>>> print(open('data.pdb').read())   # PDB, C-alpha atoms and all ligand atoms
ATOM      1  CA  MET E   1     -55.564  21.334 -58.186
ATOM      2  CA  GLU E   2     -53.988  19.399 -61.082
ATOM      3  CA  TYR E   3     -56.199  16.317 -61.328
ATOM      4  CA  SER E   4     -54.403  14.831 -64.302
ATOM      5  CA  ASN E   5     -51.436  14.227 -61.969
ATOM      6  CA  LEU E   6     -53.390  12.313 -59.352
ATOM      7  CA  ASN E   7     -51.778   9.051 -58.474
ATOM      8  CA  LEU E   8     -53.671   5.857 -57.724
ATOM      9  CA  SER E   9     -51.584   3.761 -55.309
ATOM     10  CA  ASP E  10     -51.589  -0.029 -55.652
ATOM     11  CA  ASP E  11     -53.300  -0.345 -52.291
ATOM     12  CA  VAL E  12     -56.232   1.977 -53.147
ATOM     13  CA  PHE E  13     -56.439   0.534 -56.669
ATOM     14  CA  LYS E  14     -57.030  -2.891 -55.095
ATOM     15  CA  LYS E  15     -59.761  -1.548 -52.797
ATOM     16  CA  LEU E  16     -61.507   0.262 -55.662
ATOM     17  CA  LYS E  17     -61.263  -2.600 -58.141
ATOM     18  CA  ASP E  18     -62.596  -5.054 -55.529
ATOM     19  CA  MET E  19     -65.530  -2.749 -54.853
ATOM     20  CA  ILE E  20     -66.318  -2.404 -58.572
ATOM     21  CA  TYR E  21     -66.058  -6.166 -58.991
ATOM     22  CA  GLU E  22     -68.409  -6.854 -56.052
ATOM     23  CA  ILE E  23     -71.023  -4.458 -57.432
ATOM     24  CA  SER E  24     -70.859  -5.155 -61.151
ATOM     25  CA  GLY E  25     -68.711  -8.204 -61.913
ATOM     26  CA  ILE E  26     -66.399  -5.969 -63.984
ATOM     27  CA  PHE E  27     -62.815  -7.051 -63.412
ATOM     28  CA  PHE E  28     -59.923  -4.582 -63.660
ATOM     29  CA  SER E  29     -56.631  -6.429 -64.011
ATOM     30  CA  ASP E  30     -53.446  -4.785 -62.689
ATOM     31  CA  GLN E  31     -52.613  -3.786 -66.275
ATOM     32  CA  LYS E  32     -55.832  -1.722 -66.355
ATOM     33  CA  LYS E  33     -54.896   0.469 -63.362
ATOM     34  CA  TYR E  34     -54.214   3.464 -65.641
ATOM     35  CA  LEU E  35     -57.713   3.106 -67.112
ATOM     36  CA  LEU E  36     -59.381   3.287 -63.711
ATOM     37  CA  GLU E  37     -57.145   6.195 -62.763
ATOM     38  CA  THR E  38     -58.150   8.145 -65.878
ATOM     39  CA  ARG E  39     -61.827   7.319 -65.685
ATOM     40  CA  LEU E  40     -62.195   8.234 -62.004
ATOM     41  CA  SER E  41     -60.064  11.402 -61.992
ATOM     42  CA  LYS E  42     -63.036  13.380 -63.276
ATOM     43  CA  ARG E  43     -65.199  12.195 -60.362
ATOM     44  CA  LEU E  44     -62.548  13.351 -57.870
ATOM     45  CA  SER E  45     -62.431  16.694 -59.613
ATOM     46  CA  LEU E  46     -66.225  17.107 -59.534
ATOM     47  CA  LEU E  47     -66.390  16.118 -55.861
ATOM     48  CA  ASN E  48     -63.423  18.325 -55.010
ATOM     49  CA  LEU E  49     -61.487  15.422 -53.511
ATOM     50  CA  SER E  50     -57.699  15.485 -53.526
ATOM     51  CA  ASN E  51     -56.887  11.761 -53.624
ATOM     52  CA  PHE E  52     -58.324   8.335 -54.508
ATOM     53  CA  GLU E  53     -58.333   7.156 -50.873
ATOM     54  CA  ASP E  54     -60.796   9.957 -50.059
ATOM     55  CA  TYR E  55     -62.873   8.910 -53.072
ATOM     56  CA  TYR E  56     -62.942   5.306 -51.864
ATOM     57  CA  ASN E  57     -64.054   6.467 -48.392
ATOM     58  CA  TYR E  58     -66.716   8.667 -50.004
ATOM     59  CA  LEU E  59     -68.074   5.624 -51.863
ATOM     60  CA  LYS E  60     -68.094   3.616 -48.640
ATOM     61  CA  TYR E  61     -69.308   6.059 -46.024
ATOM     62  CA  SER E  62     -70.809   9.218 -47.513
ATOM     63  CA  PRO E  63     -74.571   9.720 -47.002
ATOM     64  CA  LEU E  64     -74.568  10.304 -50.783
ATOM     65  CA  LYS E  65     -72.768   7.043 -51.515
ATOM     66  CA  ASN E  66     -75.672   5.425 -53.419
ATOM     67  CA  ALA E  67     -75.794   8.266 -55.914
ATOM     68  CA  GLU E  68     -72.017   8.157 -56.276
ATOM     69  CA  ILE E  69     -72.032   4.401 -56.889
ATOM     70  CA  LYS E  70     -74.271   5.092 -59.905
ATOM     71  CA  GLU E  71     -71.742   7.670 -61.119
ATOM     72  CA  LEU E  72     -68.957   5.170 -60.507
ATOM     73  CA  LEU E  73     -70.723   2.639 -62.744
ATOM     74  CA  ASN E  74     -71.328   5.277 -65.418
ATOM     75  CA  SER E  75     -67.598   6.038 -65.315
ATOM     76  CA  VAL E  76     -66.090   2.545 -65.288
ATOM     77  CA  THR E  77     -68.257   0.859 -67.916
ATOM     78  CA  THR E  78     -67.133   0.671 -71.540
ATOM     79  CA  ASN E  79     -70.177   1.583 -73.615
ATOM     80  CA  GLU E  80     -68.911   1.243 -77.165
ATOM     81  CA  THR E  81     -71.658   0.150 -79.563
ATOM     82  CA  SER E  82     -73.190   0.990 -82.956
ATOM     83  CA  PHE E  83     -76.218   0.278 -85.150
ATOM     84  CA  PHE E  84     -76.017  -3.008 -87.106
ATOM     85  CA  ARG E  85     -72.887  -4.043 -85.184
ATOM     86  CA  ASP E  86     -71.633  -7.406 -86.455
ATOM     87  CA  MET E  87     -74.040  -7.870 -89.385
ATOM     88  CA  PRO E  88     -73.172 -11.557 -90.062
ATOM     89  CA  GLN E  89     -74.315 -12.335 -86.530
ATOM     90  CA  LEU E  90     -77.494 -10.283 -87.000
ATOM     91  CA  GLU E  91     -78.261 -12.327 -90.131
ATOM     92  CA  VAL E  92     -78.211 -15.438 -87.928
ATOM     93  CA  PHE E  93     -80.448 -13.584 -85.464
ATOM     94  CA  VAL E  94     -83.019 -12.987 -88.236
ATOM     95  CA  ASP E  95     -82.818 -16.687 -89.266
ATOM     96  CA  VAL E  96     -83.421 -17.801 -85.680
ATOM     97  CA  LEU E  97     -86.344 -15.411 -85.376
ATOM     98  CA  LYS E  98     -87.811 -16.812 -88.627
ATOM     99  CA  GLN E  99     -87.648 -20.305 -87.138
ATOM    100  CA  ILE E 100     -89.407 -19.146 -83.977
ATOM    101  CA  VAL E 101     -92.080 -17.334 -86.003
ATOM    102  CA  GLN E 102     -92.614 -20.394 -88.251
ATOM    103  CA  SER E 103     -92.782 -22.818 -85.331
ATOM    104  CA  SER E 104     -95.332 -20.542 -83.698
ATOM    105  CA  GLY E 105     -97.599 -20.966 -86.744
ATOM    106  CA  ASN E 106     -99.604 -23.828 -85.256
ATOM    107  CA  LYS E 107     -99.399 -22.788 -81.658
ATOM    108  CA  ALA E 108    -101.102 -20.039 -79.743
ATOM    109  CA  ILE E 109     -97.957 -17.858 -79.531
ATOM    110  CA  LYS E 110     -99.032 -14.255 -79.922
ATOM    111  CA  ASN E 111     -95.887 -12.460 -78.852
ATOM    112  CA  ILE E 112     -92.134 -12.929 -79.046
ATOM    113  CA  ARG E 113     -89.885 -11.293 -76.445
ATOM    114  CA  ILE E 114     -86.288 -10.253 -77.108
ATOM    115  CA  TRP E 115     -83.843  -8.920 -74.509
ATOM    116  CA  SER E 116     -80.798  -6.810 -75.306
ATOM    117  CA  ALA E 117     -79.107  -7.480 -71.968
ATOM    118  CA  ALA E 118     -76.323  -4.878 -71.926
ATOM    119  CA  CYS E 119     -77.676  -2.463 -74.489
ATOM    120  CA  SER E 120     -75.547   0.603 -73.775
ATOM    121  CA  THR E 121     -77.029   3.664 -75.535
ATOM    122  CA  GLY E 122     -79.730   1.644 -77.334
ATOM    123  CA  GLU E 123     -78.257   0.948 -80.774
ATOM    124  CA  GLU E 124     -78.625  -2.841 -80.340
ATOM    125  CA  PRO E 125     -82.328  -2.982 -79.305
ATOM    126  CA  TYR E 126     -83.263  -0.376 -81.940
ATOM    127  CA  THR E 127     -81.352  -2.395 -84.570
ATOM    128  CA  VAL E 128     -83.430  -5.404 -83.501
ATOM    129  CA  GLY E 129     -86.597  -3.316 -83.883
ATOM    130  CA  ILE E 130     -85.610  -2.247 -87.400
ATOM    131  CA  LEU E 131     -84.744  -5.832 -88.403
ATOM    132  CA  ILE E 132     -88.139  -6.967 -87.143
ATOM    133  CA  LYS E 133     -89.967  -4.236 -89.083
ATOM    134  CA  GLU E 134     -87.988  -5.123 -92.218
ATOM    135  CA  ASN E 135     -88.466  -8.906 -91.993
ATOM    136  CA  PHE E 136     -91.648  -9.635 -90.053
ATOM    137  CA  PHE E 137     -93.893  -6.772 -91.015
ATOM    138  CA  SER E 138     -96.943  -8.930 -91.707
ATOM    139  CA  SER E 139     -96.395 -11.872 -89.361
ATOM    140  CA  GLY E 140     -99.267 -10.860 -87.067
ATOM    141  CA  ILE E 141     -97.066 -11.512 -84.042
ATOM    142  CA  LYS E 142     -96.434  -8.894 -81.391
ATOM    143  CA  PHE E 143     -92.708  -8.357 -80.772
ATOM    144  CA  GLU E 144     -91.522  -6.920 -77.472
ATOM    145  CA  ILE E 145     -87.951  -5.678 -77.106
ATOM    146  CA  VAL E 146     -86.390  -4.954 -73.718
ATOM    147  CA  GLY E 147     -83.097  -3.060 -73.493
ATOM    148  CA  THR E 148     -81.245  -2.962 -70.177
ATOM    149  CA  ASP E 149     -77.877  -1.883 -68.849
ATOM    150  CA  ILE E 150     -76.201  -1.394 -65.465
ATOM    151  CA  SER E 151     -75.404   2.243 -66.306
ATOM    152  CA  GLU E 152     -78.237   4.749 -65.760
ATOM    153  CA  LYS E 153     -76.542   7.286 -68.010
ATOM    154  CA  VAL E 154     -76.609   5.095 -71.121
ATOM    155  CA  ILE E 155     -80.220   4.065 -70.492
ATOM    156  CA  GLU E 156     -81.270   7.719 -70.348
ATOM    157  CA  SER E 157     -79.493   8.251 -73.654
ATOM    158  CA  ALA E 158     -81.199   5.154 -75.149
ATOM    159  CA  LYS E 159     -84.607   6.514 -74.111
ATOM    160  CA  ASN E 160     -83.808   9.798 -75.864
ATOM    161  CA  GLY E 161     -83.062   7.897 -79.064
ATOM    162  CA  ILE E 162     -80.899  10.589 -80.686
ATOM    163  CA  TYR E 163     -77.770   9.509 -82.560
ATOM    164  CA  ASN E 164     -74.927  10.858 -84.674
ATOM    165  CA  GLY E 165     -73.782   9.672 -88.081
ATOM    166  CA  TYR E 166     -70.793   7.765 -86.703
ATOM    167  CA  THR E 167     -72.859   5.274 -84.706
ATOM    168  CA  LEU E 168     -75.131   4.927 -87.767
ATOM    169  CA  ARG E 169     -72.226   4.307 -90.155
ATOM    170  CA  ASN E 170     -73.472   0.798 -91.017
ATOM    171  CA  ALA E 171     -77.042   1.909 -91.732
ATOM    172  CA  SER E 172     -77.985   2.330 -95.408
ATOM    173  CA  GLN E 173     -79.554   5.564 -96.695
ATOM    174  CA  THR E 174     -82.820   3.645 -97.119
ATOM    175  CA  ILE E 175     -82.833   2.567 -93.466
ATOM    176  CA  LEU E 176     -81.902   6.094 -92.350
ATOM    177  CA  GLY E 177     -84.733   7.579 -94.381
ATOM    178  CA  LYS E 178     -87.298   5.027 -93.207
ATOM    179  CA  TYR E 179     -86.624   4.840 -89.478
ATOM    180  CA  PHE E 180     -84.880   8.115 -88.491
ATOM    181  CA  GLU E 181     -85.778  11.774 -88.582
ATOM    182  CA  LYS E 182     -82.848  14.088 -89.343
ATOM    183  CA  ILE E 183     -82.970  16.759 -86.657
ATOM    184  CA  GLY E 184     -79.587  18.442 -87.066
ATOM    185  CA  ASP E 185     -76.412  18.519 -89.173
ATOM    186  CA  ASP E 186     -75.298  15.200 -87.748
ATOM    187  CA  GLU E 187     -78.252  14.246 -85.549
ATOM    188  CA  TYR E 188     -80.852  11.567 -86.184
ATOM    189  CA  LYS E 189     -83.871  10.708 -84.037
ATOM    190  CA  ILE E 190     -85.239   7.164 -84.054
ATOM    191  CA  LYS E 191     -88.898   7.168 -85.173
ATOM    192  CA  ASP E 192     -91.688   6.284 -82.746
ATOM    193  CA  GLU E 193     -92.695   3.144 -84.665
ATOM    194  CA  ILE E 194     -89.366   1.578 -83.503
ATOM    195  CA  LYS E 195     -89.135   3.382 -80.163
ATOM    196  CA  ASN E 196     -92.603   2.162 -79.176
ATOM    197  CA  MET E 197     -91.534  -1.475 -79.627
ATOM    198  CA  THR E 198     -88.847  -1.047 -76.970
ATOM    199  CA  VAL E 199     -88.838  -0.783 -73.179
ATOM    200  CA  PHE E 200     -85.681   0.279 -71.297
ATOM    201  CA  GLY E 201     -84.522  -0.221 -67.714
ATOM    202  CA  ASN E 202     -81.549  -0.764 -65.431
ATOM    203  CA  VAL E 203     -80.502  -4.352 -64.747
ATOM    204  CA  ASN E 204     -77.284  -5.585 -63.200
ATOM    205  CA  LEU E 205     -76.601  -8.923 -64.877
ATOM    206  CA  ILE E 206     -74.879 -10.451 -61.857
ATOM    207  CA  ASP E 207     -77.903  -9.732 -59.651
ATOM    208  CA  GLY E 208     -80.383 -12.620 -59.980
ATOM    209  CA  GLY E 209     -83.231 -10.593 -58.424
ATOM    210  CA  GLU E 210     -82.815  -7.710 -60.879
ATOM    211  CA  VAL E 211     -82.545  -9.992 -63.889
ATOM    212  CA  LYS E 212     -85.989 -11.506 -63.144
ATOM    213  CA  LYS E 213     -87.585  -8.037 -63.286
ATOM    214  CA  PHE E 214     -88.523  -8.145 -66.973
ATOM    215  CA  GLY E 215     -89.888 -11.691 -67.225
ATOM    216  CA  SER E 216     -88.819 -14.398 -69.655
ATOM    217  CA  PHE E 217     -87.531 -14.204 -73.230
ATOM    218  CA  ASP E 218     -87.377 -16.121 -76.514
ATOM    219  CA  ILE E 219     -84.025 -14.573 -77.483
ATOM    220  CA  VAL E 220     -81.364 -12.866 -75.375
ATOM    221  CA  LEU E 221     -78.545 -10.821 -76.889
ATOM    222  CA  CYS E 222     -75.714 -10.433 -74.387
ATOM    223  CA  ARG E 223     -73.006  -9.193 -76.717
ATOM    224  CA  ASN E 224     -69.651  -7.694 -75.798
ATOM    225  CA  VAL E 225     -70.180  -7.543 -72.049
ATOM    226  CA  ILE E 226     -68.825 -10.744 -70.478
ATOM    227  CA  ILE E 227     -65.402  -9.880 -71.912
ATOM    228  CA  TYR E 228     -65.183  -7.415 -69.008
ATOM    229  CA  PHE E 229     -65.962 -10.130 -66.423
ATOM    230  CA  ASP E 230     -63.846 -12.819 -64.764
ATOM    231  CA  ALA E 231     -64.905 -16.488 -64.887
ATOM    232  CA  GLU E 232     -67.012 -16.263 -61.707
ATOM    233  CA  SER E 233     -69.066 -13.254 -62.888
ATOM    234  CA  LYS E 234     -69.480 -14.824 -66.336
ATOM    235  CA  LYS E 235     -70.875 -17.964 -64.676
ATOM    236  CA  LYS E 236     -73.291 -15.969 -62.498
ATOM    237  CA  THR E 237     -74.451 -13.943 -65.526
ATOM    238  CA  ILE E 238     -75.117 -17.059 -67.578
ATOM    239  CA  GLU E 239     -77.044 -18.695 -64.702
ATOM    240  CA  ASN E 240     -79.203 -15.563 -64.447
ATOM    241  CA  ILE E 241     -79.803 -15.421 -68.207
ATOM    242  CA  TYR E 242     -80.609 -19.147 -68.240
ATOM    243  CA  GLU E 243     -83.389 -18.493 -65.702
ATOM    244  CA  SER E 244     -84.761 -15.715 -67.930
ATOM    245  CA  LEU E 245     -84.823 -17.766 -71.129
ATOM    246  CA  LYS E 246     -87.951 -19.666 -72.133
ATOM    247  CA  ALA E 247     -87.434 -23.381 -72.859
ATOM    248  CA  GLY E 248     -86.207 -23.546 -76.475
ATOM    249  CA  GLY E 249     -84.924 -19.938 -76.247
ATOM    250  CA  TYR E 250     -81.627 -18.702 -77.695
ATOM    251  CA  LEU E 251     -78.651 -16.715 -76.420
ATOM    252  CA  PHE E 252     -76.311 -14.674 -78.629
ATOM    253  CA  LEU E 253     -72.927 -13.661 -77.229
ATOM    254  CA  GLY E 254     -70.435 -11.344 -78.919
ATOM    255  CA  HIS E 255     -68.591 -13.055 -81.770
ATOM    256  CA  SER E 256     -65.371 -13.304 -79.722
ATOM    257  CA  GLU E 257     -67.119 -14.552 -76.566
ATOM    258  CA  SER E 258     -67.758 -18.146 -75.555
ATOM    259  CA  LEU E 259     -69.148 -20.234 -72.697
ATOM    260  CA  HIS E 260     -66.380 -22.801 -73.090
ATOM    261  CA  SER E 261     -65.220 -23.855 -69.589
ATOM    262  CA  ILE E 262     -67.680 -21.328 -68.093
ATOM    263  CA  SER E 263     -71.067 -23.042 -68.162
ATOM    264  CA  SER E 264     -72.731 -26.076 -69.733
ATOM    265  CA  LEU E 265     -76.276 -24.946 -68.926
ATOM    266  CA  LEU E 266     -76.901 -23.932 -72.538
ATOM    267  CA  LYS E 267     -76.236 -26.051 -75.599
ATOM    268  CA  LEU E 268     -73.939 -24.708 -78.315
ATOM    269  CA  VAL E 269     -76.004 -24.989 -81.506
ATOM    270  CA  GLY E 270     -74.285 -22.626 -83.913
ATOM    271  CA  LEU E 271     -70.741 -21.934 -84.869
ATOM    272  CA  GLY E 272     -69.392 -20.538 -88.114
ATOM    273  CA  LYS E 273     -70.828 -17.047 -88.343
ATOM    274  CA  THR E 274     -71.544 -16.853 -84.632
ATOM    275  CA  PRO E 275     -71.609 -18.772 -81.348
ATOM    276  CA  LEU E 276     -75.281 -19.460 -80.640
ATOM    277  CA  TYR E 277     -76.594 -21.137 -77.484
ATOM    278  CA  LYS E 278     -79.952 -22.778 -76.811
ATOM    279  CA  LYS E 279     -81.903 -23.652 -73.648
ATOM    280  CA  GLU E 280     -83.260 -27.149 -74.225
TER     281      GLU E 280
HETATM  282  C1  LIG X 301     -69.385  -2.665 -74.964
HETATM  283  S1  LIG X 301     -71.031  -2.384 -74.443
HETATM  284  C2  LIG X 301     -71.923  -3.533 -75.449
HETATM  285  C3  LIG X 301     -73.169  -2.917 -76.043
HETATM  286  C4  LIG X 301     -73.913  -3.811 -77.027
HETATM  287  N1  LIG X 301     -74.357  -5.036 -76.389
HETATM  288  C5  LIG X 301     -73.066  -4.110 -78.246
HETATM  289  O1  LIG X 301     -72.570  -5.244 -78.369
HETATM  290  O2  LIG X 301     -72.870  -3.229 -79.073
HETATM  291  C6  LIG X 301     -71.027  -3.209 -72.823
HETATM  292  C7  LIG X 301     -72.154  -2.743 -71.912
HETATM  293  O3  LIG X 301     -72.232  -3.646 -70.792
HETATM  294  C8  LIG X 301     -72.676  -2.907 -69.674
HETATM  295  N2  LIG X 301     -72.401  -3.665 -68.437
HETATM  296  C9  LIG X 301     -71.218  -3.875 -67.828
HETATM  297  N3  LIG X 301     -71.390  -4.602 -66.700
HETATM  298  C10 LIG X 301     -72.722  -4.863 -66.601
HETATM  299  C11 LIG X 301     -73.520  -5.575 -65.663
HETATM  300  N4  LIG X 301     -73.001  -6.174 -64.579
HETATM  301  N5  LIG X 301     -74.841  -5.642 -65.882
HETATM  302  C12 LIG X 301     -75.407  -5.048 -66.967
HETATM  303  N6  LIG X 301     -74.699  -4.357 -67.893
HETATM  304  C13 LIG X 301     -73.376  -4.269 -67.710
HETATM  305  C14 LIG X 301     -71.926  -1.594 -69.802
HETATM  306  O4  LIG X 301     -72.527  -0.552 -69.078
HETATM  307  C15 LIG X 301     -71.908  -1.366 -71.314
HETATM  308  O5  LIG X 301     -72.928  -0.465 -71.707
END
>>> encode(input="data.pdb", output="structure tokens")
Amino acid sequence: MEYSNLNLSDDVFKKLKDMIYEISGIFFSDQKKYLLETRLSKRLSLLNLSNFEDYYNYLKYSPLKNAEIKELLNSVTTNETSFFRDMPQLEVFVDVLKQIVQSSGNKAIKNIRIWSAACSTGEEPYTVGILIKENFFSSGIKFEIVGTDISEKVIESAKNGIYNGYTLRNASQTILGKYFEKIGDDEYKIKDEIKNMTVFGNVNLIDGGEVKKFGSFDIVLCRNVIIYFDAESKKKTIENIYESLKAGGYLFLGHSESLHSISSLLKLVGLGKTPLYKKE
């Protein structure tokens, strides 16, 4: 069967995109039909199905539907990421962390918790770990980093902690030498001192129950994910993150993302290099 020629009708596209939206909040506009078609063709091929209608019915009624929904999410998510992505924003992150560390000086704060809320293959939480090691080596505070994503596939990859040179293109030779072990021509393994600071798991950001799973945080990074959502899913995500932030905690979005006309729960406290939001 020639799967590259499979055609996704408007009717089945609507049913599939509504299903994906209900589960994940990810919104496929009509202009993105080709993207869904391409991304799901492989699933049809693997399941030996001859059309998208059969695939939709498989997702709805098959006894194996729960496993396939996980595959669906692995297929439809965009997982692009890299180490030290958006450095100017990460500089603000370090400044904010310094403030939290300083303000904890007189109090009994012994640990600071940071959540990378759609962490893809782990580059973001491991970058946070490296920045902490570089800047707060002797602070005496315990840092806990949690990395989560809706896709099981990327979380497995994050737990493995093995990367190629392309995703490490922004890391200096010094950082590479200090925190990675070269295990192949173009393969680098994150060292245990960073890996052991980080816990990974699956969390769907639009599911309030799942979001509570990992407790509350001083800083949440939710970068480059709400761009895939419509206004309603963005609002739900922000309400869930709000509940997970400690009072006085901070939220970083991607540099092109904003809560303008989405939610006023969090106060905008930083512009310039990056939009930064605070729970008062
Ligand atoms: C483009 S990556 C961003 C990775 C990283 N935060 C960064 O900025 O480099 C977006 C990630 O959001 C995840 N995602 C999409 N919808 C989600 C949802 N409802 N809950 C949790 N993660 C989701 C995707 O699986 C994907 O790995």
>>> residues_near_ligand(input="data.pdb", ligand="ligand LIG 301 (chain X)", cutoff="6 Å", atoms="only C-alpha atoms and all ligand atoms", output="PyMOL selection string")
chain E and resi 24-26+77-82+118-120+124+149-151+203-206+222-225
>>> closest_residue(input="data.pdb", among="E:Phe229, E:Tyr55, E:Phe93, E:Phe252", to="Leu72 of chain E", atoms="all atoms listed in the file")
E:Tyr55
>>> atom_distance(input="data.pdb", atom1="atom CA of Leu97 of chain E", atom2="atom CA of Glu181 of chain E")
27.4 Å
>>> closest_residue(input="data.pdb", among="E:Leu8, E:Asn170, E:Phe136, E:Gly165", to="Gln99 of chain E", atoms="all atoms listed in the file")
E:Phe136
>>> residues_near_point(input="data.pdb", point="(-76.7, 9.5, -61.6)", cutoff="7 Å", atoms="all atoms listed in the file", output="PDB file with C-alpha atoms, in the coordinates of the input")
ATOM      1  CA  ALA E  67     -75.794   8.266 -55.914  1.00  0.00           C
ATOM      2  CA  LYS E  70     -74.271   5.092 -59.905  1.00  0.00           C
ATOM      3  CA  GLU E  71     -71.742   7.670 -61.119  1.00  0.00           C
ATOM      4  CA  GLU E 152     -78.237   4.749 -65.760  1.00  0.00           C
ATOM      5  CA  LYS E 153     -76.542   7.286 -68.010  1.00  0.00           C
TER       6      LYS E 153
END
>>> resolve_selection(input="data.pdb", expression="the PyMOL selection byres (((chain E and resi 7) around 10) and not hetatm)", output="list in words")
Tyr3, Ser4, Asn5, Leu6, Leu8, Ser9, Asp10, Val12, Phe13, Tyr34, Glu37, Thr38, Ser41, Asn51 and Phe52 of chain E
>>> closest_residue(input="data.pdb", among="E:Lys159, E:Lys246, E:Lys195, E:Arg85", to="Ile112 of chain E", atoms="all atoms listed in the file")
E:Lys246
>>> closest_residue(input="data.pdb", among="E:Phe137, E:Tyr166, E:Phe28, E:Tyr179", to="Lys15 of chain E", atoms="only C-alpha atoms")
E:Phe28
>>> decode(input="data.pdb", residues="segment 248-262 of chain E", atoms="N, CA and C atoms", output="short mmCIF file (atom, residue, chain, number, x, y, z; two decimals), in the first residue's frame")
data_model
loop_
_atom_site.label_atom_id
_atom_site.label_comp_id
_atom_site.auth_asym_id
_atom_site.auth_seq_id
_atom_site.Cartn_x
_atom_site.Cartn_y
_atom_site.Cartn_z
N GLY E 248 4.63 34.15 45.47
CA GLY E 248 5.91 34.79 45.19
C GLY E 248 6.70 34.07 44.10
N GLY E 249 6.14 32.98 43.56
CA GLY E 249 6.84 32.20 42.52
C GLY E 249 6.72 32.84 41.14
N TYR E 250 7.60 32.39 40.23
CA TYR E 250 7.70 33.02 38.90
C TYR E 250 7.39 32.03 37.77
N LEU E 251 6.83 32.59 36.69
CA LEU E 251 6.59 31.80 35.48
C LEU E 251 7.32 32.43 34.29
N PHE E 252 8.09 31.60 33.58
CA PHE E 252 8.70 32.01 32.32
C PHE E 252 7.94 31.37 31.17
N LEU E 253 7.52 32.18 30.20
CA LEU E 253 6.97 31.65 28.95
C LEU E 253 8.05 31.76 27.89
N GLY E 254 7.78 31.23 26.70
CA GLY E 254 8.70 31.45 25.58
C GLY E 254 8.74 32.92 25.23
N HIS E 255 9.83 33.38 24.59
CA HIS E 255 9.97 34.83 24.41
C HIS E 255 8.90 35.42 23.48
N SER E 256 8.25 34.58 22.66
CA SER E 256 7.21 35.12 21.79
C SER E 256 5.81 34.87 22.35
N GLU E 257 5.74 34.33 23.57
CA GLU E 257 4.43 34.00 24.16
C GLU E 257 4.03 35.04 25.21
N SER E 258 2.72 35.18 25.39
CA SER E 258 2.25 36.19 26.35
C SER E 258 0.91 35.76 26.94
N LEU E 259 0.59 36.31 28.12
CA LEU E 259 -0.71 36.01 28.73
C LEU E 259 -1.71 37.13 28.44
N HIS E 260 -1.30 38.08 27.61
CA HIS E 260 -2.18 39.21 27.30
C HIS E 260 -3.51 38.70 26.74
N SER E 261 -4.60 39.15 27.33
CA SER E 261 -5.98 38.74 27.00
C SER E 261 -6.23 37.24 27.21
N ILE E 262 -5.35 36.57 27.94
CA ILE E 262 -5.56 35.15 28.26
C ILE E 262 -5.89 34.98 29.74
#
